[in-house]
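Novice: Supplied in structure tokens, the structure appears directly below.
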Amino acid sequence: MSGLIADLTHHLPALQVVVPLVAAPLCLLAGRAWLAWIIAFAASASATVTATILAYLTFHNGAISYHMGGWAPPWGIEYVVDTANAFILMLVSAISTVVLAYSPASVAREIRPGSQHLFYCMFILCLTGLLGITVTGDAFNVFVFLEISSLSSYALIAMGGQRKALTAAFQYLIMGTIGATFFLIGVGLLYMMTGTLNMADMQARIPSLQDSRPVLAAFAFITVGLALKAALFPLHLWLPNAYAFAPSAVSAFMAATATKVSLYVLLRFTFTIFGAKFAFLNLPLHWVLLVPAVIAMFAGSFSAIFQRDIKRMLAYSSIAQIGYITLGISLASSAGIAAALIHIFNHGLMKAALFCAIGCIFYRIGTTRIEQMAGLGRQMPWTTTAIVVAGLSLLGVPLTAGFISKWYLVQAALQADLWWLVVLVVLSSMLALVYIWRLVEAMYFKEPPPGRGAVAEAPLSMLVPTLLLAGANIYFGIDTRVPVAMSESAATLLLRGQM
Amino acid sequence: MLQAILDHYNYWIAIFLMMVGFYTVVARSNLIKKLVGLNIFQTSVFLLYISMGKVTGGTAPILDDRFPIYSNPIPHVLILTAIVVGVATTALGLALVVRIRESYSTIEEDELNLADGET
């Protein structure tokens, strides 16, 4: 028995990806929605347990290296788990599990009866891709998993009820493929110069090649490609429609995880592979990231104010929040990276809660237009409470998770002597107040539109996960030990021996 | 200068195809033509990888004492994976185009935007 447990523990990094990967075709074969849901949920829950154990092990014993199929690196594919990616693994798998718990009622309403099991198949495949990107220590493997998650998310978005979902998915397919191909070019150029695909091996060989043109070009291609996948301004054009027209559960899952994983890969390539010296001293990555980040903070929030569709509004808000995360990365300091990682985590919690709550409303009233939200405060008290809590967290009100992010971000900016950044962060948060207020005003201070009958509270199966996510926003606003300790350990690790 | 171009002709071909594909994706409004452009764009990267594995004077990678110099097979294997990804992307893209045509009766981007009420 103990031998079995030791074996399982040894293979955890592989199981993290293999379990959901195997679950995907099983969902397809299941053929029935409820059976597919059980398989998907079980796989996602097991991924969460795996990620939590891995996070615990890496936090206490240091990084774990796993040789896929027993082939030693640098020839074989190596999976490396350290506190940086264990943290992301935990976030992605936990959000996926909560969203899957939320999804049956929502999917039954929004997806055609014949293709509901396909929905779960694509969902769990998307999870596989995101986990694989995060866990792998091989540059080409990142591309493969990136495409697994992208292709399944195009299909998921296209499952949205309106026909606009199709054009949104197509637009994302074009832009996503260009982004992934840019990344592929970058990896190819790196392979050409270093002769290896293993990340640790690349890291060792790049310092002596710093001035070579292909390495510079590789860095540019990889940064632009990942910025496209992460929807960093001005490469965010695919995001608003994709999130607005996707099924509710998909919006919640993708908004909380997909762009975050791309940002993690950006962190990994910038700091672990190329090194902070190369990116920030030889090349002006500080400004290349800082300027779009600041513009995103304002342009995203400003566009959000004028949206009449709440899902679109939240999507624009995501663009602004990605700006905050990128801002943290651009500071290239331990405090900045920790702030970015904390915000990746906290933004995942708030956006998942908001999109789930909007999904509850859509379930009841069949629309996400703001004028139709009027008067819902009394009719759906729990759902609207969840929106208010997550909205406060988005603003960064004390005692919510969002406050912790802003606090660390402001501290990182002050540490870098960029006090004007602090002003900009606070100002852009004011813009968030405007669009969250519009929603609160509609829900609580307006009479229901004429012609809408009685609206009941959302079913418990949707409400409980939504409230759980909203509650997490408060919990992690008070008890910050886990995200802060993990992020700071990850930041130290990413910057080890640099700057 | 000319010699520099001729020596690296494979890269020039890759860059040319890359730009042709990229331009087609950006400039064409027909969704099928966009996908064709995307395919050319991806194919250029395949060529970049494949030609990078060539070793001058090398033969096919056969493990035998008679062939001491052989080309690097790894980029070729990598690109097999990328080709599969490309096929899947094209298939999914075409499936989306079919569905778009069914619900909008057009695959021209400007007409789609018009139908969606965006300008």
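Chains: A, B, ... in order of the structure tokens. Residues: from 1 per chain. Ligands: from 1, in order shown.
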Within 10 Å of chain B, which residues of chain A show up? Give each one with its shortest atom-to-atom distance in Å (one decimal) and the two atoms involved, counting only C-alpha atoms, rows by chain then rising residue number, as CSV.
Specialist:
residue,atom,partner,partner_atom,distance
A:Phe140,CA,B:Leu78,CA,7.8
A:Asn141,CA,B:Leu78,CA,9.6
A:Phe143,CA,B:Ala82,CA,8.7
A:Val144,CA,B:Thr81,CA,7.7
A:Glu147,CA,B:Val85,CA,7.0
A:Ile148,CA,B:Val85,CA,8.4
A:Ser150,CA,B:Thr89,CA,9.5
A:Leu151,CA,B:Thr89,CA,6.8
A:Ser152,CA,B:Leu92,CA,9.6
A:Tyr154,CA,B:Leu92,CA,8.3
A:Ala155,CA,B:Leu92,CA,7.7
A:Ala158,CA,B:Leu96,CA,7.7
A:Gln162,CA,B:Ser103,CA,9.8
A:Arg163,CA,B:Ser103,CA,6.6
A:Lys164,CA,B:Asp116,CA,7.1
A:Ala165,CA,B:Ile100,CA,9.5
A:Leu166,CA,B:Ile100,CA,6.2
A:Thr167,CA,B:Ile100,CA,6.9
A:Ala169,CA,B:Leu96,CA,7.8
A:Phe170,CA,B:Leu96,CA,6.5
A:Gln171,CA,B:Leu31,CA,9.7
A:Leu173,CA,B:Gly93,CA,7.1
A:Ile174,CA,B:Leu38,CA,7.4
A:Met175,CA,B:Val25,CA,9.6
A:Thr177,CA,B:Thr89,CA,7.8
A:Ile178,CA,B:Leu38,CA,7.6
A:Ala180,CA,B:Gln42,CA,9.8
A:Thr181,CA,B:Gln42,CA,6.6
A:Phe182,CA,B:Val45,CA,9.0
A:Leu184,CA,B:Val45,CA,7.7
A:Ile185,CA,B:Val45,CA,6.4
A:Val187,CA,B:Tyr49,CA,9.9
A:Gly188,CA,B:Tyr49,CA,6.3
A:Leu189,CA,B:Tyr49,CA,8.5
A:Tyr191,CA,B:Pro75,CA,8.7
A:Met192,CA,B:Met52,CA,6.9
A:Gly195,CA,B:Ile74,CA,9.8
A:Thr196,CA,B:Ile74,CA,9.9
Novice: May I have all residues of chain B that DSSP, computed from the backbone, assigns to strand (DSSP E or B), given as JSON, numbers by chain?
Specialist: {"B": [30, 59, 70, 108]}
Novice: Point out the residue among B:Ile15, B:Leu2, B:Val87, B:Leu114 with the least atom-to-atom distance to Leu47 (chain B), counting only C-alpha atoms.
Specialist: B:Ile15
Novice: Excluding region 227-229 of chain A and its own-chain neighbours fewer than 6 positions away, which residues fall within 7 Å of it when counting only C-alpha atoms? Please give them as a PyMOL selection string.
Specialist: chain A and resi 176+179+235-236+259+262
Novice: I want to know what sits within 10 Å of Pro398 (chain A), based on only C-alpha atoms, with residues of the same chain fewer than 4 positions away left out; could you give that as a PyMOL selection string?
Specialist: chain A and resi 392-393+402-404+406-407+474+477-478
Novice: Show which residues sit within 10 Å of Leu469 (chain A), as a PyMOL selection string. Count only C-alpha atoms, and ignore same-chain residues fewer than 4 positions away.
Specialist: chain A and resi 95+98-99+348-354+356-357+386+389-390+463-465+473-475
Novice: May I have all residues of region 115-334 of chain A that DSSP, computed from the backbone, assigns to helix (DSSP H, G or I), given as a PyMOL selection string?
Specialist: chain A and resi 115-135+139-158+164-194+199-209+213-229+239-245+248-274+276-282+285-305+310-330+334
Novice: Using only C-alpha atoms, which residues sit within 9 Å of Met462 (chain A) once same-chain residues fewer than 3 positions away are excluded, as a list in words?
Specialist: Val99, Ala101, Tyr102, Ser103, Pro104, Ala105, Ser106, Cys356, Ala357, Gly359, Cys360, Ala458, Pro459, Pro465, Thr466 and Leu467 of chain A
Novice: Any chance you could export the current selection's C-alpha atoms as a short mmCIF file (atom, residue, chain, number, x, y, z; two decimals), in the first residue's frame?
Specialist:
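Done, and the output landed in selection-v5.cif:
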data_model
loop_
_atom_site.label_atom_id
_atom_site.label_comp_id
_atom_site.auth_asym_id
_atom_site.auth_seq_id
_atom_site.Cartn_x
_atom_site.Cartn_y
_atom_site.Cartn_z
CA VAL A 99 -17.31 25.85 -12.63
CA ALA A 101 -20.09 21.88 -10.34
CA TYR A 102 -21.98 24.96 -11.50
CA SER A 103 -22.43 23.88 -15.10
CA PRO A 104 -25.10 21.10 -15.35
CA ALA A 105 -28.15 23.37 -15.05
CA SER A 106 -26.53 26.10 -17.11
CA CYS A 356 -21.04 32.61 -12.75
CA ALA A 357 -23.46 35.09 -11.19
CA GLY A 359 -24.82 33.02 -15.81
CA CYS A 360 -27.37 32.58 -13.00
CA ALA A 458 -31.23 30.65 -9.47
CA PRO A 459 -31.27 26.89 -8.77
CA PRO A 465 -20.72 27.41 -6.53
CA THR A 466 -21.33 31.09 -7.29
CA LEU A 467 -21.56 31.95 -3.60
#
Novice: Have a look at CA of Leu35 (chain A) and CA of Gln116 (chain A) and let me know their distance in Å, one decimal.
Specialist: 10.4 Å
Novice: Go ahead and compute the interatomic distance for CA of Leu493 (chain A) and CA of Leu424 (chain A), in Å to one decimal.
Specialist: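 Between these atoms lies a distance of 28.9 Å.
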Novice: Measure the distance from CA of Ala24 (chain A) to CA of Trp238 (chain A) in Å and round it to one decimal.
Specialist: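 According to the coordinates, CA of Ala24 (chain A) and CA of Trp238 (chain A) are separated by 26.0 Å.
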